[in-house]
Number of protein chains: 2
Amino acid sequence: MELDQIYAPVREDLNLVRETIRSLGKDADYEWLARQLVHITQGMGKAIRPALTLLTGRTFKYDMGYHLPAAVSVELMHTATLVHDDVIDKAPTRRGRATINSLWGDELAILMGDYLFAKAGEFVAETRHPRVIKLFSQTLATISRGEIIQFRFAYNPDQTRDDYFRRIYGKTGSLFSLSTQAGAILGQASEEGISIMRDYGDNLGIAFQIVDDILDFTSTPEALGKPAGSDLVQGTLTLPAMLLLERYPDNNPVRLFFETRDKEYATQAIQMVLNSGVIDECYRVAREFRDRACRGLSTLPGLPSRKSLLDLAEFVVNQKA
Amino acid sequence: MELDQIYAPVREDLNLVRETIRSLGKDADYEWLARQLVHITQGMGKAIRPALTLLTGRTFKYDMGYHLPAAVSVELMHTATLVHDDVIDKAPTRRGRATINSLWGDELAILMGDYLFAKAGEFVAETRHPRVIKLFSQTLATISRGEIIQFRFAYNPDQTRDDYFRRIYGKTGSLFSLSTQAGAILGQASEEGISIMRDYGDNLGIAFQIVDDILDFTSTPEALGKPAGSDLVQGTLTLPAMLLLERYPDNNPVRLFFETRDKEYATQAIQMVLNSGVIDECYRVAREFRDRACRGLSTLPGLPSRKSLLDLAEFVVNQKA
C-alpha cells in the first residue's frame, strides 16, 4: 500500500500542515531569511510524524484547532534536528537537495535550527495544553541526549543491542511517541488510550529507525543521496553491523575499521553485511517492534484512521531499497 | 552599589536557582555528560536574567512554585544561546573559562546547546502558564532571528542606528523582557503592571547591551577574557563604531576595515573610538534607555524589590572597564 492511500483519512489536513510550514517563509522579515526557510520547508519528506498526530487525533476526538499546531510542531522539531544533524555530519545533501550548511555555512545552519526549534515551540504552545508542552520539551531533551550519546559512542565496537535500542529510541522513537501521544492527549483519549498510542509511537519509531539503518546498507547511492554504508563510515554502529560483530567475533572488519579507520575494512564490512543473512535478521527484529507497536490498537474503535495506523506500521517495515 | 546588595530581596531564592541549574549535572545519565553540564553551569555570571524574574515576582504576588522554574528557564535559555554563539564565533574562552566548543568540539557544543534549550523548555513548562510558555518560544525565535541578522550584517558599514537597536533588542532586550514579563505574569500582575515590566525589560536589555558593546572597546583583555575590539574585528558594527562612522564619514577606518579586512584599520578604529568622545556619547544613549526602562516603575508599590530594580538599572549603565 502507498503512503498516499494510508494518509487518506487526513489527506487534506496534512496538506494544511504543509501549507502552514511553507508559509513560515512568507512571514519572515527578510527576503533571504524567507529564501532559506522556503528551501528548508520544501524538503519535507514523508511527513510521517505529523501524519501520526493527525491519524491518532482522528481515532479519538479530532479538533484541528489543537491537532494542526501539534502536527506542525512535531514536523518543525524534526526539521530542526535534521538541520543541526547535517552540520554535525558535514552532510552536503539531504533528500537529494543541498543542505543549509553546504549552501550558507555552519553558522547560519546552527541559527536556523535554533529558529526552527523556537517556531516548533510556538506552535506547540498554541495547543495551550501543559502536558503536551512538557512532553515536547522532554522529547527535545531526549533527542539531544540521544545524539550526544551517538556522537560519543562513535567508532566504539563494544556496544550492546540494548545500547543500540536505547540510542534509536532517543533519536527516533521519542519523537514518534510525542507525535502519537500529542494526538491522543489533545483528542481527549483516556489514560489507557494515551498509553496505547505511546507504545505504538515508541515501537514504531524504533522499527522505522531499524529499517532506516538497514536501507543505509542496502539502498543505492541515488536513492540515499549519499554513499551506501555512510553510517558505518561515520562510526555509527547500527544493527546490521552489530549483528555481523555478534556472528563473526574474530577478525571482524567492523571492529578492524573502528580500530584502524582504514576504509578498506569498511568496504569489506559493507559487503559482508550484504552477503550474510544479517539483513533478513534485522527485518525480523523490525517486525517484532512493529508487532509490539500494534498490539494495543485492536482495543481502539475500528475507524479508518486505526486501519491507517496499522497499514503505516506495515509500510514502515516493508520499505526496501 | 554592588550586585550582591541589589539582589538582597531575592538572594536566597537566587541561590536556589543556581543550585537547581547545577543539579542538572547530577541528574545526567552519563558521567561525561554530567561533567560537561557542570562545566557549563558553573560558569554562570551575574545571573541578571533570573534576578529580574525573581525581583519582578517579589514586586507582585510572589510564588516560588512558579517563579523558580521561570527563573531557571531564562538562565538556561541564556546559557544555551551562549554555547551556540561560542561555536559561531569560534570563541576559545568565555568568562575566562574554556568554551565547550574548544574543549569538546563544535559538534558536542551544538548538541549541548540544543539540550539546554530543551531543559529550559521543560522548566518553563513547569509554570503551566500558556502565556509565559508562548512568550518563551517567541523570545527564542526573536533571539535566533537577531543572531541570524547579526551574522548576515557582518562587515556591513551601512547600518542605521535603528538597525542596531532592533538587532540588540533581538539579541538581549527580548530575553530581559521575557524575564521581567514572566515574573509579572506569574505574579498575577494587572495588564498595566505587565506592560510596565515589559517596557522595563525591553529598555534595560538594550541599555545593558549598549554598555556591553562599550566595554568591548574600553575594557582590558584580562577583564574581557578576549582582545579589546573583538566585536569590530568579527565584523559586528556596534554603537561606538557606528557613532565614529557618523562623525567622520570620510576615510573612516571602520569602513576601510570592513571593506579590506586589513587589521591595521581595525587597530586604528579602536584607537579612534577611545580617543574621540564617542564613548561618552554611547553612555548617554544607554542612560536614555535606562530612563525609559524605569519610567513606569514609580507607579508600582514601593517595595524593596522595586528599589532593587531601580538600582539594577543604575548598576547596568555605570559598569566601567
# chains A, B, ... in the order shown; residues from 1 in each chain; ligands from 1
>>> select_by_dssp(residues="stretch 240-317 of chain A", states="alpha helix (DSSP H)", output="PyMOL selection string")
chain A and resi 240-247+253-260+263-275+278-294+304-317
>>> closest_atom_pairs(of="chain A", to="chain B", cutoff="6 Å", atoms="only C-alpha atoms", output="Markdown table")
| residue | atom | partner | partner_atom | distance |
| --- | --- | --- | --- | --- |
| A:Ile88 | CA | B:Glu107 | CA | 5.2 |
| A:Glu107 | CA | B:Ile88 | CA | 5.2 |
| A:Leu111 | CA | B:Ser144 | CA | 5.8 |
| A:Tyr115 | CA | B:Ala141 | CA | 5.1 |
| A:Ala118 | CA | B:Ala141 | CA | 4.9 |
| A:Gly121 | CA | B:Ser137 | CA | 5.2 |
| A:Glu122 | CA | B:Ser137 | CA | 5.1 |
| A:Ala125 | CA | B:Lys134 | CA | 5.2 |
| A:Arg128 | CA | B:Pro130 | CA | 5.4 |
| A:Pro130 | CA | B:Arg128 | CA | 5.4 |
| A:Lys134 | CA | B:Ala125 | CA | 5.2 |
| A:Ser137 | CA | B:Ala118 | CA | 5.1 |
| A:Leu140 | CA | B:Ala118 | CA | 5.4 |
| A:Ala141 | CA | B:Ala118 | CA | 4.9 |
| A:Ser144 | CA | B:Tyr115 | CA | 5.2 |
>>> atom_distance(atom1="atom CA of A:Ser219", atom2="atom CA of A:Asp250")
27.4 Å
>>> closest_residue(among="B:Ala293, B:Val233, B:Met242, B:Ala8", to="B:Gln268", atoms="only C-alpha atoms")
B:Val233
>>> atom_distance(atom1="atom CA of A:Thr99", atom2="atom CA of A:Val74")
20.2 Å
>>> residues_around(residues="stretch 47-53 of chain A", least_positions_apart="3", cutoff="6 Å", atoms="only C-alpha atoms", output="mmCIF file with N, CA and C atoms, in the first residue's frame")
data_model
loop_
_atom_site.group_PDB
_atom_site.id
_atom_site.type_symbol
_atom_site.label_atom_id
_atom_site.label_comp_id
_atom_site.auth_asym_id
_atom_site.auth_seq_id
_atom_site.Cartn_x
_atom_site.Cartn_y
_atom_site.Cartn_z
ATOM 1 N N THR A 56 -3.816 9.768 14.756
ATOM 2 C CA THR A 56 -4.170 9.465 16.148
ATOM 3 C C THR A 56 -5.335 10.347 16.592
ATOM 4 N N ALA A 71 0.687 19.007 15.047
ATOM 5 C CA ALA A 71 1.292 18.323 13.891
ATOM 6 C C ALA A 71 2.385 19.189 13.262
ATOM 7 N N GLU A 75 6.660 18.253 13.135
ATOM 8 C CA GLU A 75 7.413 18.270 11.883
ATOM 9 C C GLU A 75 8.525 19.328 11.938
ATOM 10 N N SER A 179 4.566 12.425 18.832
ATOM 11 C CA SER A 179 3.574 12.687 17.780
ATOM 12 C C SER A 179 2.256 11.967 18.075
ATOM 13 N N THR A 180 2.359 10.702 18.476
ATOM 14 C CA THR A 180 1.122 9.964 18.746
ATOM 15 C C THR A 180 0.508 10.381 20.080
ATOM 16 N N GLY A 183 -1.346 13.561 19.741
ATOM 17 C CA GLY A 183 -2.625 13.319 19.074
ATOM 18 C C GLY A 183 -3.664 12.757 20.029
#
>>> atom_distance(atom1="atom CA of B:Ile185", atom2="atom CA of B:Leu16")
20.8 Å
>>> residues_around(residues="A:Gln181", least_positions_apart="4", cutoff="6 Å", atoms="only C-alpha atoms", output="MDAnalysis selection string")
chainID A and resid 177 185 194 197:198
>>> select_by_dssp(residues="stretch 55-104 of chain B", states="strand (DSSP E)", output="list in words")
Thr93, Arg94, Arg97 and Ala98 of chain B
>>> closest_residue(among="B:Asp231, B:Asp158, B:Asp212, B:Asp163", to="B:Val316", atoms="only C-alpha atoms")
B:Asp212
